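File shown here: start-v8.cif, holding mmCIF, C-alpha atoms.
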```cif
data_input
#
loop_
_atom_site.label_atom_id
_atom_site.label_comp_id
_atom_site.auth_asym_id
_atom_site.auth_seq_id
_atom_site.Cartn_x
_atom_site.Cartn_y
_atom_site.Cartn_z
CA MET I 1 74.20 137.74 80.00
CA SER I 2 72.24 140.36 78.12
CA GLN I 3 70.27 139.04 75.19
CA ASP I 4 70.54 142.41 73.45
CA ALA I 5 73.56 142.40 71.16
CA THR I 6 73.47 146.20 71.02
CA GLY I 7 73.64 146.62 74.80
CA ARG I 8 76.40 148.86 76.11
CA ALA I 9 78.71 148.49 79.10
CA PHE I 10 79.92 151.08 81.61
CA LEU I 11 82.79 150.07 83.91
CA ILE I 12 83.11 152.71 86.62
CA VAL I 13 86.10 152.70 88.98
CA MET I 14 85.78 154.64 92.22
CA ASP I 15 89.51 155.01 92.79
CA SER I 16 90.61 153.52 96.14
CA VAL I 17 87.09 152.73 97.44
CA GLY I 18 88.02 149.34 98.93
CA CYS I 19 85.99 147.31 101.40
CA GLY I 20 88.61 145.44 103.47
CA GLY I 21 89.13 141.74 103.83
CA ALA I 22 92.00 141.05 101.42
CA PRO I 23 93.40 137.69 102.54
CA ASP I 24 96.98 138.82 101.89
CA ALA I 25 96.66 142.28 103.45
CA ALA I 26 99.21 141.46 106.17
CA ALA I 27 101.88 140.82 103.54
CA PHE I 28 101.47 144.44 102.46
CA GLY I 29 101.39 145.80 106.01
CA ASP I 30 97.67 146.50 105.70
CA ALA I 31 96.00 143.97 108.00
CA GLY I 32 92.75 145.43 109.29
CA SER I 33 92.39 148.17 106.69
CA ASN I 34 88.87 148.77 105.37
CA THR I 35 88.23 152.00 103.47
CA LEU I 36 84.43 151.92 103.27
CA GLY I 37 83.88 150.09 106.53
CA HIS I 38 86.03 152.45 108.57
CA ILE I 39 84.62 155.59 106.97
CA ALA I 40 81.09 154.38 107.77
CA GLN I 41 82.12 153.66 111.36
CA ALA I 42 83.76 157.08 111.73
CA CYS I 43 80.61 158.76 110.44
CA ALA I 44 78.45 156.81 112.89
CA GLU I 45 80.72 157.81 115.77
CA GLY I 46 80.69 161.52 114.90
CA ARG I 47 84.33 161.55 113.77
CA ALA I 48 83.59 162.75 110.22
CA ASN I 49 81.37 165.76 110.73
CA THR I 50 83.34 168.42 108.87
CA GLY I 51 81.03 169.60 106.09
CA ARG I 52 78.58 166.79 106.76
CA SER I 53 77.05 164.90 109.69
CA GLY I 54 75.46 161.64 110.73
CA LEU I 55 75.64 158.18 109.18
CA LEU I 56 77.34 157.68 105.82
CA LYS I 57 74.59 158.30 103.25
CA MET I 58 74.97 156.26 100.05
CA PRO I 59 71.41 154.99 99.47
CA ASN I 60 71.70 154.50 95.72
CA LEU I 61 74.78 152.28 95.61
CA ASP I 62 73.66 150.63 98.85
CA ARG I 63 70.39 149.71 97.16
CA LEU I 64 72.40 147.92 94.48
CA GLY I 65 74.34 146.00 97.16
CA LEU I 66 77.21 148.15 98.45
CA GLY I 67 76.63 147.43 102.15
CA ALA I 68 76.18 143.74 101.43
CA ALA I 69 79.47 143.75 99.50
CA ILE I 70 81.31 145.28 102.47
CA LYS I 71 79.85 142.61 104.76
CA LEU I 72 80.82 139.85 102.34
CA ALA I 73 84.36 141.14 101.87
CA SER I 74 85.28 141.95 105.44
CA GLY I 75 82.55 140.78 107.79
CA VAL I 76 81.83 144.39 108.78
CA ASP I 77 78.29 145.71 109.08
CA ALA I 78 78.86 149.25 107.81
CA PRO I 79 76.57 151.64 109.72
CA GLY I 80 74.04 153.25 107.41
CA LEU I 81 74.64 150.75 104.60
CA GLY I 82 72.23 147.93 105.30
CA ALA I 83 69.77 147.90 102.40
CA ALA I 84 68.56 144.63 100.93
CA PRO I 85 70.41 144.38 97.58
CA GLN I 86 68.36 144.99 94.47
CA GLY I 87 71.21 144.74 91.98
CA LEU I 88 74.09 142.49 91.10
CA TRP I 89 76.54 142.51 93.99
CA GLY I 90 79.69 140.90 95.32
CA ALA I 91 83.33 141.64 96.08
CA ALA I 92 86.54 141.07 94.15
CA GLU I 93 90.12 140.37 95.18
CA GLU I 94 93.35 140.95 93.31
CA ILE I 95 96.13 138.49 92.56
CA SER I 96 98.67 140.94 91.09
CA ARG I 97 101.51 141.68 93.49
CA GLY I 98 100.72 145.31 94.08
CA LYS I 99 98.16 147.74 95.41
CA ASP I 100 98.63 150.46 92.83
CA THR I 101 96.58 152.03 90.07
CA PRO I 102 97.96 150.13 87.04
CA SER I 103 97.78 146.73 88.74
CA GLY I 104 94.18 147.23 89.82
CA HIS I 105 92.91 148.65 86.55
CA TRP I 106 94.73 146.18 84.31
CA GLU I 107 93.44 143.26 86.33
CA LEU I 108 89.89 144.64 86.28
CA ALA I 109 90.36 144.75 82.51
CA GLY I 110 91.30 141.07 82.49
CA VAL I 111 95.10 141.14 82.70
CA PRO I 112 96.96 140.37 85.95
CA VAL I 113 100.46 141.79 86.24
CA PRO I 114 102.96 138.95 85.54
CA TRP I 115 106.02 140.63 87.01
CA ASP I 116 107.21 142.09 90.29
CA TRP I 117 107.17 145.88 90.28
CA THR I 118 110.31 147.81 91.17
CA TYR I 119 109.95 149.88 94.34
CA PHE I 120 112.37 152.46 95.67
CA PRO I 121 113.67 151.99 99.23
CA ASP I 122 112.37 154.25 101.99
CA THR I 123 115.80 155.75 102.52
CA ASP I 124 117.35 159.16 102.08
CA PRO I 125 118.35 159.30 99.29
CA ALA I 126 115.82 156.90 97.72
CA PHE I 127 117.06 156.92 94.12
CA PRO I 128 120.24 155.36 92.70
CA PRO I 129 122.88 157.79 91.37
CA GLU I 130 122.39 156.63 87.79
CA LEU I 131 118.69 157.56 87.89
CA VAL I 132 119.46 160.97 89.37
CA ALA I 133 122.03 161.52 86.63
CA GLU I 134 119.47 160.62 83.96
CA VAL I 135 116.91 163.04 85.39
CA CYS I 136 119.51 165.80 85.48
CA ARG I 137 120.57 165.08 81.91
CA LEU I 138 117.00 165.22 80.62
CA ALA I 139 116.07 168.26 82.73
CA GLY I 140 119.27 170.16 82.02
CA THR I 141 119.91 170.74 85.71
CA GLU I 142 122.81 170.09 88.05
CA GLY I 143 120.72 168.26 90.62
CA ILE I 144 117.30 167.29 91.93
CA LEU I 145 115.38 168.06 95.12
CA GLY I 146 113.56 165.62 97.36
CA ASN I 147 114.98 162.21 96.47
CA CYS I 148 112.87 160.43 99.08
CA HIS I 149 109.50 158.90 99.97
CA ALA I 150 106.97 161.68 100.47
CA SER I 151 103.43 162.94 99.93
CA GLY I 152 102.97 165.61 97.33
CA VAL I 153 101.90 168.63 99.34
CA PRO I 154 104.50 168.33 102.15
CA ILE I 155 107.41 167.80 99.79
CA ILE I 156 106.45 170.82 97.71
CA GLU I 157 106.18 172.84 100.92
CA ALA I 158 109.65 171.66 101.95
CA HIS I 159 111.37 172.38 98.64
CA CYS I 160 109.33 175.13 96.99
CA GLU I 161 111.79 177.92 97.73
CA ALA I 162 114.80 175.90 96.58
CA HIS I 163 112.93 174.79 93.46
CA LEU I 164 112.11 178.37 92.47
CA ARG I 165 115.67 179.50 93.25
CA THR I 166 117.58 176.68 91.51
CA GLY I 167 115.14 175.37 88.92
CA TRP I 168 115.83 171.80 90.08
CA PRO I 169 112.86 169.40 89.82
CA ILE I 170 111.33 167.99 93.02
CA CYS I 171 111.50 164.18 92.75
CA TYR I 172 109.85 161.74 95.12
CA THR I 173 108.23 158.32 95.38
CA SER I 174 105.88 156.35 97.61
CA ALA I 175 105.07 152.78 98.56
CA ASP I 176 103.82 152.35 94.98
CA SER I 177 106.03 151.64 91.99
CA VAL I 178 106.16 155.27 90.94
CA PHE I 179 108.53 158.16 90.26
CA GLN I 180 106.91 161.59 90.68
CA ILE I 181 108.23 164.97 89.60
CA ALA I 182 106.74 168.19 90.93
CA ALA I 183 107.56 171.50 89.27
CA HIS I 184 106.13 175.00 88.99
CA GLU I 185 104.05 175.48 85.85
CA GLU I 186 105.45 178.94 85.10
CA ALA I 187 108.93 178.98 86.65
CA PHE I 188 109.93 175.52 85.45
CA GLY I 189 107.39 175.28 82.62
CA LEU I 190 104.47 172.88 82.20
CA GLU I 191 105.51 171.63 78.78
CA ARG I 192 109.08 171.18 80.00
CA LEU I 193 107.84 169.11 82.95
CA LEU I 194 105.64 166.93 80.74
CA LYS I 195 108.49 166.37 78.27
CA LEU I 196 110.86 165.49 81.11
CA CYS I 197 108.44 162.85 82.43
CA LYS I 198 107.70 161.50 78.95
CA ASP I 199 111.41 161.21 78.09
CA LEU I 200 112.24 159.60 81.45
CA ALA I 201 109.40 157.07 81.30
CA PRO I 202 111.04 154.52 78.93
CA TYR I 203 114.14 154.41 81.16
CA LEU I 204 112.04 153.58 84.23
CA HIS I 205 109.55 151.33 82.47
CA ALA I 206 112.43 149.14 81.31
CA ARG I 207 113.25 148.71 84.99
CA LYS I 208 109.61 147.81 85.84
CA VAL I 209 108.75 151.08 87.55
CA GLY I 210 105.04 151.40 86.84
CA ARG I 211 104.51 155.12 86.40
CA VAL I 212 106.26 158.44 85.99
CA ILE I 213 103.90 161.19 87.13
CA ALA I 214 104.09 164.89 86.36
CA ARG I 215 102.85 166.92 89.35
CA PRO I 216 102.65 170.59 88.31
CA PHE I 217 101.79 173.37 90.74
CA THR I 218 101.28 177.12 90.63
CA GLY I 219 101.37 180.02 93.07
CA SER I 220 103.98 181.13 95.56
CA CYS I 221 105.68 179.28 98.36
CA GLY I 222 103.25 179.10 101.25
CA ASP I 223 100.33 179.63 98.86
CA PHE I 224 100.78 177.09 96.08
CA LYS I 225 98.20 174.83 94.45
CA ARG I 226 98.67 171.58 92.57
CA THR I 227 96.86 171.84 89.25
CA SER I 228 94.70 169.52 87.18
CA ASN I 229 97.49 169.22 84.58
CA ARG I 230 98.87 166.12 86.30
CA LYS I 231 99.77 163.45 83.78
CA ASP I 232 100.69 159.80 84.30
CA PHE I 233 103.12 158.06 81.97
CA ALA I 234 102.34 154.42 82.70
CA ILE I 235 104.04 151.28 81.48
CA GLU I 236 101.97 149.48 78.85
CA PRO I 237 99.88 146.48 79.89
CA PRO I 238 101.68 143.19 79.24
CA SER I 239 98.95 141.81 76.96
CA PRO I 240 95.66 142.92 75.34
CA THR I 241 93.07 144.15 77.83
CA LEU I 242 89.30 144.53 77.79
CA LEU I 243 89.72 147.79 75.89
CA ASP I 244 91.74 146.01 73.18
CA TRP I 245 89.22 143.16 73.02
CA VAL I 246 86.32 145.53 72.49
CA ALA I 247 88.13 147.79 70.04
CA GLY I 248 89.39 144.73 68.15
CA ALA I 249 85.79 143.61 67.69
CA GLY I 250 85.06 146.89 65.93
CA ARG I 251 83.19 148.46 68.84
CA ALA I 252 83.51 152.00 70.14
CA THR I 253 85.48 152.56 73.35
CA HIS I 254 85.36 155.63 75.59
CA ALA I 255 87.81 156.46 78.39
CA ILE I 256 86.89 158.93 81.13
CA GLY I 257 89.55 160.50 83.35
CA LYS I 258 92.86 158.71 83.96
CA ILE I 259 91.97 155.61 81.93
CA GLY I 260 93.86 156.90 78.89
CA ASP I 261 97.04 157.35 80.94
CA ILE I 262 96.70 154.04 82.78
CA PHE I 263 96.34 152.04 79.56
CA SER I 264 98.78 154.12 77.47
CA MET I 265 95.82 154.89 75.15
CA ARG I 266 95.74 151.28 73.93
CA GLY I 267 92.31 150.24 72.73
CA ILE I 268 90.84 153.68 73.42
CA GLY I 269 88.80 155.36 70.72
CA ALA I 270 87.72 158.55 72.50
CA LEU I 271 89.18 160.22 75.59
CA HIS I 272 87.09 162.41 77.90
CA LYS I 273 89.03 164.50 80.42
CA GLY I 274 88.09 167.08 83.03
CA LYS I 275 89.48 169.20 85.84
CA SER I 276 87.46 167.48 88.58
CA ASP I 277 85.37 164.40 89.29
CA ALA I 278 82.33 166.64 88.84
CA ASP I 279 83.46 167.33 85.26
CA LEU I 280 84.07 163.63 84.69
CA PHE I 281 80.62 162.70 85.95
CA GLU I 282 79.10 165.03 83.37
CA HIS I 283 80.99 163.07 80.71
CA LEU I 284 79.56 159.84 82.16
CA VAL I 285 76.01 161.20 82.05
CA GLN I 286 76.50 162.45 78.51
CA LEU I 287 77.86 159.09 77.34
CA GLY I 288 74.98 157.35 79.07
CA GLY I 289 72.75 159.23 76.68
CA GLU I 290 74.93 159.19 73.59
CA ALA I 291 77.43 156.28 73.57
CA GLU I 292 77.12 153.95 70.63
CA ALA I 293 75.32 150.61 70.68
CA GLY I 294 77.65 147.82 71.78
CA SER I 295 80.23 150.27 73.15
CA LEU I 296 82.38 150.23 76.28
CA THR I 297 82.80 153.25 78.54
CA PHE I 298 85.58 152.85 81.12
CA ALA I 299 85.72 155.59 83.78
CA ASN I 300 88.00 156.47 86.68
CA PHE I 301 87.01 158.88 89.44
CA VAL I 302 90.26 159.73 91.18
CA GLU I 303 89.49 162.35 93.83
CA PHE I 304 88.52 159.80 96.50
CA ASP I 305 92.16 158.68 96.36
CA THR I 306 94.11 161.85 95.69
CA LEU I 307 92.19 164.45 97.68
CA TYR I 308 91.03 162.38 100.65
CA GLY I 309 92.65 158.94 100.86
CA HIS I 310 96.32 159.92 100.80
CA PRO I 311 95.85 162.99 103.05
CA ARG I 312 93.87 160.75 105.45
CA ASP I 313 90.86 163.08 105.39
CA VAL I 314 88.00 160.93 106.67
CA ALA I 315 85.30 163.60 106.52
CA GLY I 316 86.40 164.70 103.06
CA TYR I 317 86.31 161.11 101.83
CA ALA I 318 82.80 160.69 103.29
CA ARG I 319 81.63 163.88 101.58
CA ALA I 320 83.04 162.66 98.26
CA LEU I 321 81.30 159.30 98.61
CA GLU I 322 77.98 160.96 99.42
CA TRP I 323 78.33 163.40 96.52
CA PHE I 324 79.10 160.58 94.09
CA ASP I 325 76.21 158.45 95.30
CA ALA I 326 73.82 161.39 94.91
CA GLN I 327 74.83 161.67 91.23
CA VAL I 328 74.27 158.00 90.44
CA PRO I 329 70.50 158.24 89.67
CA ARG I 330 71.20 160.87 86.98
CA PHE I 331 73.49 158.43 85.23
CA LEU I 332 71.29 155.35 85.67
CA ALA I 333 68.36 157.27 84.18
CA THR I 334 70.27 157.52 80.88
CA LEU I 335 70.74 153.77 80.46
CA ARG I 336 68.85 151.78 77.89
CA PRO I 337 67.41 148.26 78.02
CA GLY I 338 70.30 145.83 77.59
CA ASP I 339 72.92 148.13 79.13
CA LEU I 340 75.18 147.09 82.02
CA ALA I 341 76.82 149.40 84.56
CA ILE I 342 79.35 148.06 87.08
CA PHE I 343 80.69 150.16 89.96
CA THR I 344 83.92 148.92 91.53
CA ALA I 345 87.37 150.04 92.73
CA ASP I 346 91.04 149.33 92.02
CA HIS I 347 92.45 149.11 95.59
CA GLY I 348 91.89 150.68 99.00
CA ASN I 349 93.14 153.86 100.62
CA ASP I 350 91.74 153.76 104.13
CA PRO I 351 91.78 157.34 105.48
CA THR I 352 91.67 156.03 109.06
CA PHE I 353 94.79 153.89 108.57
CA ARG I 354 98.38 154.74 109.45
CA GLY I 355 100.63 156.36 106.87
CA THR I 356 99.55 157.93 103.60
CA GLU I 357 99.60 155.02 101.16
CA HIS I 358 97.14 152.74 99.39
CA THR I 359 95.84 149.76 101.34
CA ARG I 360 95.52 146.18 100.09
CA GLU I 361 91.79 145.39 100.15
CA ARG I 362 89.02 143.60 98.38
CA VAL I 363 86.77 145.91 96.37
CA PRO I 364 83.00 146.09 95.99
CA VAL I 365 81.37 145.04 92.73
CA VAL I 366 77.82 146.31 92.29
CA GLY I 367 75.92 146.28 89.04
CA TYR I 368 72.82 147.69 87.40
CA GLY I 369 71.16 146.32 84.28
CA ALA I 370 72.12 142.67 84.76
CA GLU I 371 70.23 140.02 86.69
CA ALA I 372 69.91 141.07 90.33
CA LYS I 373 71.85 138.44 92.26
CA ALA I 374 74.71 137.77 94.61
CA ILE I 375 77.89 136.85 92.74
CA GLY I 376 79.92 136.16 95.91
CA LEU I 377 83.68 136.61 96.00
CA CYS I 378 85.27 136.84 92.57
CA GLY I 379 88.53 137.94 91.01
CA PHE I 380 89.33 141.33 89.55
CA VAL I 381 89.81 139.52 86.24
CA ASP I 382 86.22 138.28 86.38
CA VAL I 383 85.00 141.86 86.08
CA GLY I 384 86.65 142.26 82.67
CA ALA I 385 85.47 138.83 81.58
CA SER I 386 81.91 139.68 82.58
CA VAL I 387 81.90 142.97 80.70
CA ALA I 388 83.27 141.19 77.62
CA ALA I 389 80.57 138.53 77.92
CA HIS I 390 77.87 141.17 78.19
CA LEU I 391 79.17 142.85 75.04
CA ARG I 392 79.48 139.47 73.30
CA VAL I 393 83.18 140.06 72.75
CA THR I 394 85.72 137.28 73.11
CA GLY I 395 87.88 137.76 76.17
CA GLN I 396 91.52 136.68 76.11
CA GLY I 397 92.32 136.70 79.83
CA PRO I 398 91.97 134.17 82.65
CA GLY I 399 88.73 135.62 84.08
CA ARG I 400 85.29 133.99 84.05
CA SER I 401 82.00 135.82 83.67
CA PHE I 402 79.79 136.07 86.74
CA LEU I 403 76.75 137.11 84.70
CA GLY I 404 75.58 133.55 84.08
#
```
In structure tokens, write the structure found in this file.
Amino acid sequence: MSQDATGRAFLIVMDSVGCGGAPDAAAFGDAGSNTLGHIAQACAEGRANTGRSGLLKMPNLDRLGLGAAIKLASGVDAPGLGAAPQGLWGAAEEISRGKDTPSGHWELAGVPVPWDWTYFPDTDPAFPPELVAEVCRLAGTEGILGNCHASGVPIIEAHCEAHLRTGWPICYTSADSVFQIAAHEEAFGLERLLKLCKDLAPYLHARKVGRVIARPFTGSCGDFKRTSNRKDFAIEPPSPTLLDWVAGAGRATHAIGKIGDIFSMRGIGALHKGKSDADLFEHLVQLGGEAEAGSLTFANFVEFDTLYGHPRDVAGYARALEWFDAQVPRFLATLRPGDLAIFTADHGNDPTFRGTEHTRERVPVVGYGAEAKAIGLCGFVDVGASVAAHLRVTGQGPGRSFLG
């Protein structure tokens, strides 16, 4: 544990950057999935050469222990990631019964999910009549489009013309506990879409559906683009999280990216948003230089998941990993003595795996600023407990600090 009571903490989630090996992966249909391991193998075999080439290049996080974490979690020697660890390193596994964004983030923040999420069946239609009726009532429409399991781009392609003609919202779900609504920002209206999702959220949260997500798009059919105005309306965590613990101790808290949505703004003092992960990384660098003594910065970088994991774009995912790793030294250079930075993930999304959904995996945990050591296999909850211990804040969850 840091001996500097003014030391800061930075908890950085690389969304979906799992490393395989979850002992219960088969129960989720994900046996054998390994996001980082399989991307590294694809790069080594020349199967990820669009916009890049050669071995997966992540020397900065690898130096902290990324390759060692993959080996620990899954037994895979990831080609190109074989550096001797110079940081704190290990791998974490989740106990919450899900492989979604809220479950992973809440548990990293010290709070496992105590309930079973509600999932919609992979049938056509997927939604019960009473839910459809509620959406129609709130939207002021006579019906909805979609009503099935789908990925965002294909379902907009399938229903764009009907959406623009009828004004009906495009509603779909996935293997996660989620209800998504896509609508045209101008024809349907961005504010109308956001209000629809906000008003619908309490109805679905009461039924343990984790998130209602607004998915706005612009352009014409055949040439549309999903915009950065996506917004998640997530169910509140079941008990105080790391953010609440830190804020309750009178410390400053900063949320970068989706963290505000995921935690329903609980325990968050300042929110830093952007239109891309590149924008969000600039916020991280700025906070590295300016965040208050004793503060917590909690960041989510989502494009690994949304742009490359779900579409199963291996080369794109590799490019994103290499870009992110290349930015890491800029951030680390801003840290002060006594600071702690932990890089981790919330679940997997193996772009080489079947389907389009998240994958149940262990996640890497690599740290800078703490004692350089192997922490072995730990729980997601231990990440939150360790950050709290570093900040000398009393944690209220079941996790145990791995800082020693």
Selection dump of the PyMOL selection byres ((chain I and resi 81-84) around 10), as a count of residues only: 27
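Residue nearest Glu290 (chain I) within the list I:Arg8, I:Arg165, I:Arg47, I:His390: I:Arg8 [criterion: smallest interatomic distance, all atoms listed in the file].
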Best match for closeness to Cys148 (chain I) among I:Ala48, I:Leu164, I:Leu190, I:Ile181, counting all atoms listed in the file: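 Of all the options, I:Ile181 lies closest to Cys148 (chain I).
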The PyMOL selection byres ((chain I and resi 383) around 10) resolved against shown file, as a VMD selection string: chain I and resid 11 92 107 to 110 242 342 344 365 378 to 382 384 to 389 399 to 403
Residues near Leu204 (chain I), anyone? I mean within 12 Å using all atoms listed in the file, not counting same-chain ones fewer than 4 positions away, as a compact mmCIF listing (two decimals) with C-alpha atoms, in the frame of the given file.
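Output below, filename out31.txt:
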```txt
# COMPACT_ATOMS: atom_id res chain seq x y z
CA TRP I 117 107.17 145.88 90.28
CA THR I 118 110.31 147.81 91.17
CA TYR I 119 109.95 149.88 94.34
CA PHE I 120 112.37 152.46 95.67
CA PHE I 127 117.06 156.92 94.12
CA PRO I 128 120.24 155.36 92.70
CA GLU I 130 122.39 156.63 87.79
CA LEU I 131 118.69 157.56 87.89
CA VAL I 132 119.46 160.97 89.37
CA GLU I 134 119.47 160.62 83.96
CA VAL I 135 116.91 163.04 85.39
CA SER I 177 106.03 151.64 91.99
CA VAL I 178 106.16 155.27 90.94
CA PHE I 179 108.53 158.16 90.26
CA GLN I 180 106.91 161.59 90.68
CA CYS I 197 108.44 162.85 82.43
CA LYS I 198 107.70 161.50 78.95
CA ASP I 199 111.41 161.21 78.09
CA LEU I 200 112.24 159.60 81.45
CA LYS I 208 109.61 147.81 85.84
CA VAL I 209 108.75 151.08 87.55
CA GLY I 210 105.04 151.40 86.84
CA ARG I 211 104.51 155.12 86.40
CA VAL I 212 106.26 158.44 85.99
CA ILE I 213 103.90 161.19 87.13
CA PHE I 233 103.12 158.06 81.97
CA ALA I 234 102.34 154.42 82.70
CA ILE I 235 104.04 151.28 81.48
```
Best match for closeness to Ala44 (chain I) among I:Ala345, I:Ala318, I:Met265, I:Ala326, counting only C-alpha atoms: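 Closest to Ala44 (chain I), using only C-alpha atoms: I:Ala318.
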Using only C-alpha atoms: which of I:His347, I:Arg319, I:His149, I:Lys275 has the shortest distance to Asp305 (chain I):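 Distance minimum relative to Asp305 (chain I) lands on I:His347.
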Shell of 12 Å around Gly219 (chain I), all atoms listed in the file, local chain residues under 3 positions omitted, as a ChimeraX atom specification: /I:156-157,160-161,164,183-187,216,222-227
Residue nearest Asp24 (chain I) among I:Glu282, I:Glu371, I:Glu322, I:Glu94 (counting all atoms listed in the file):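 So, comparing all the options, the nearest one is I:Glu94.
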Residue among I:Arg52, I:Lys273, I:Arg192, I:Arg362 lying closest to Val17 (chain I), counting all atoms listed in the file: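 Looking only at the distances to Val17 (chain I), the closest residue turns out to be I:Arg362.
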Give me the residues of region 73-151 of chain I that have any atom at most 12 Å from an atom of region 173-176 of chain I; for each, the nearest atom pair and the distance in Å, rounded to one decimal. Use all atoms listed in the file, sort by chain and number, and format it as a tab-separated table.
```
residue	atom	partner	partner_atom	distance
I:Arg97	CA	I:Asp176	CA	11.0
I:Gly98	CA	I:Asp176	CA	7.7
I:Lys99	CA	I:Asp176	CA	7.3
I:Asp100	CA	I:Asp176	CA	5.9
I:Thr101	CA	I:Asp176	CA	8.8
I:Pro102	CA	I:Asp176	CA	10.1
I:Ser103	CA	I:Asp176	CA	10.3
I:Asp116	CA	I:Asp176	CA	11.8
I:Trp117	CA	I:Asp176	CA	8.7
I:Thr118	CA	I:Asp176	CA	8.8
I:Tyr119	CA	I:Asp176	CA	6.6
I:Phe120	CA	I:Thr173	CA	7.2
I:Pro121	CA	I:Ala175	CA	8.7
I:Asp122	CA	I:Ser174	CA	8.1
I:Thr123	CA	I:Thr173	CA	10.7
I:Asp124	CA	I:Thr173	CA	11.3
I:Pro125	CA	I:Thr173	CA	10.9
I:Ala126	CA	I:Thr173	CA	8.1
I:Phe127	CA	I:Thr173	CA	9.0
I:Gly146	CA	I:Thr173	CA	9.3
I:Asn147	CA	I:Thr173	CA	7.9
I:Cys148	CA	I:Thr173	CA	6.3
I:His149	CA	I:Thr173	CA	4.8
I:Ala150	CA	I:Ser174	CA	6.1
I:Ser151	CA	I:Ser174	CA	7.4
```
Expansion of the PyMOL selection byres ((chain I and resi 358) around 6) into residues, as a PDB file with C-alpha atoms, in the coordinates of the input:
```pdb
ATOM      1  CA  GLY I 348      91.890 150.680  99.000  1.00  0.00           C
ATOM      2  CA  ASN I 349      93.140 153.860 100.620  1.00  0.00           C
ATOM      3  CA  GLU I 357      99.600 155.020 101.160  1.00  0.00           C
ATOM      4  CA  THR I 359      95.840 149.760 101.340  1.00  0.00           C
TER       5      THR I 359
END
```
For CA of Ala278 (chain I) and CA of Ala255 (chain I), the interatomic separation in Å (one decimal):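 So the answer is 15.6 Å.
Atom pair CA of Gly338 (chain I) / CA of Gly7 (chain I) has a distance of 4.4 Å (rounded to one decimal).
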Separation of CA of Cys19 (chain I) from CA of Glu93 (chain I), in Å and rounded to one decimal: 10.2 Å
Residues near Thr334 (chain I), cut-off 9 Å, all atoms listed in the file, skip fewer than 2 positions along chain, as a list of chain:residue names: I:Val285, I:Gln286, I:Leu287, I:Gly288, I:Gly289, I:Glu290, I:Pro329, I:Arg330, I:Phe331, I:Leu332, I:Arg336
Residue neighbourhood Ala291 (chain I), 9 Å, all atoms listed in the file, exclusion window fewer than 5 positions, as a ChimeraX atom specification: /I:8,252-254,286,296-297
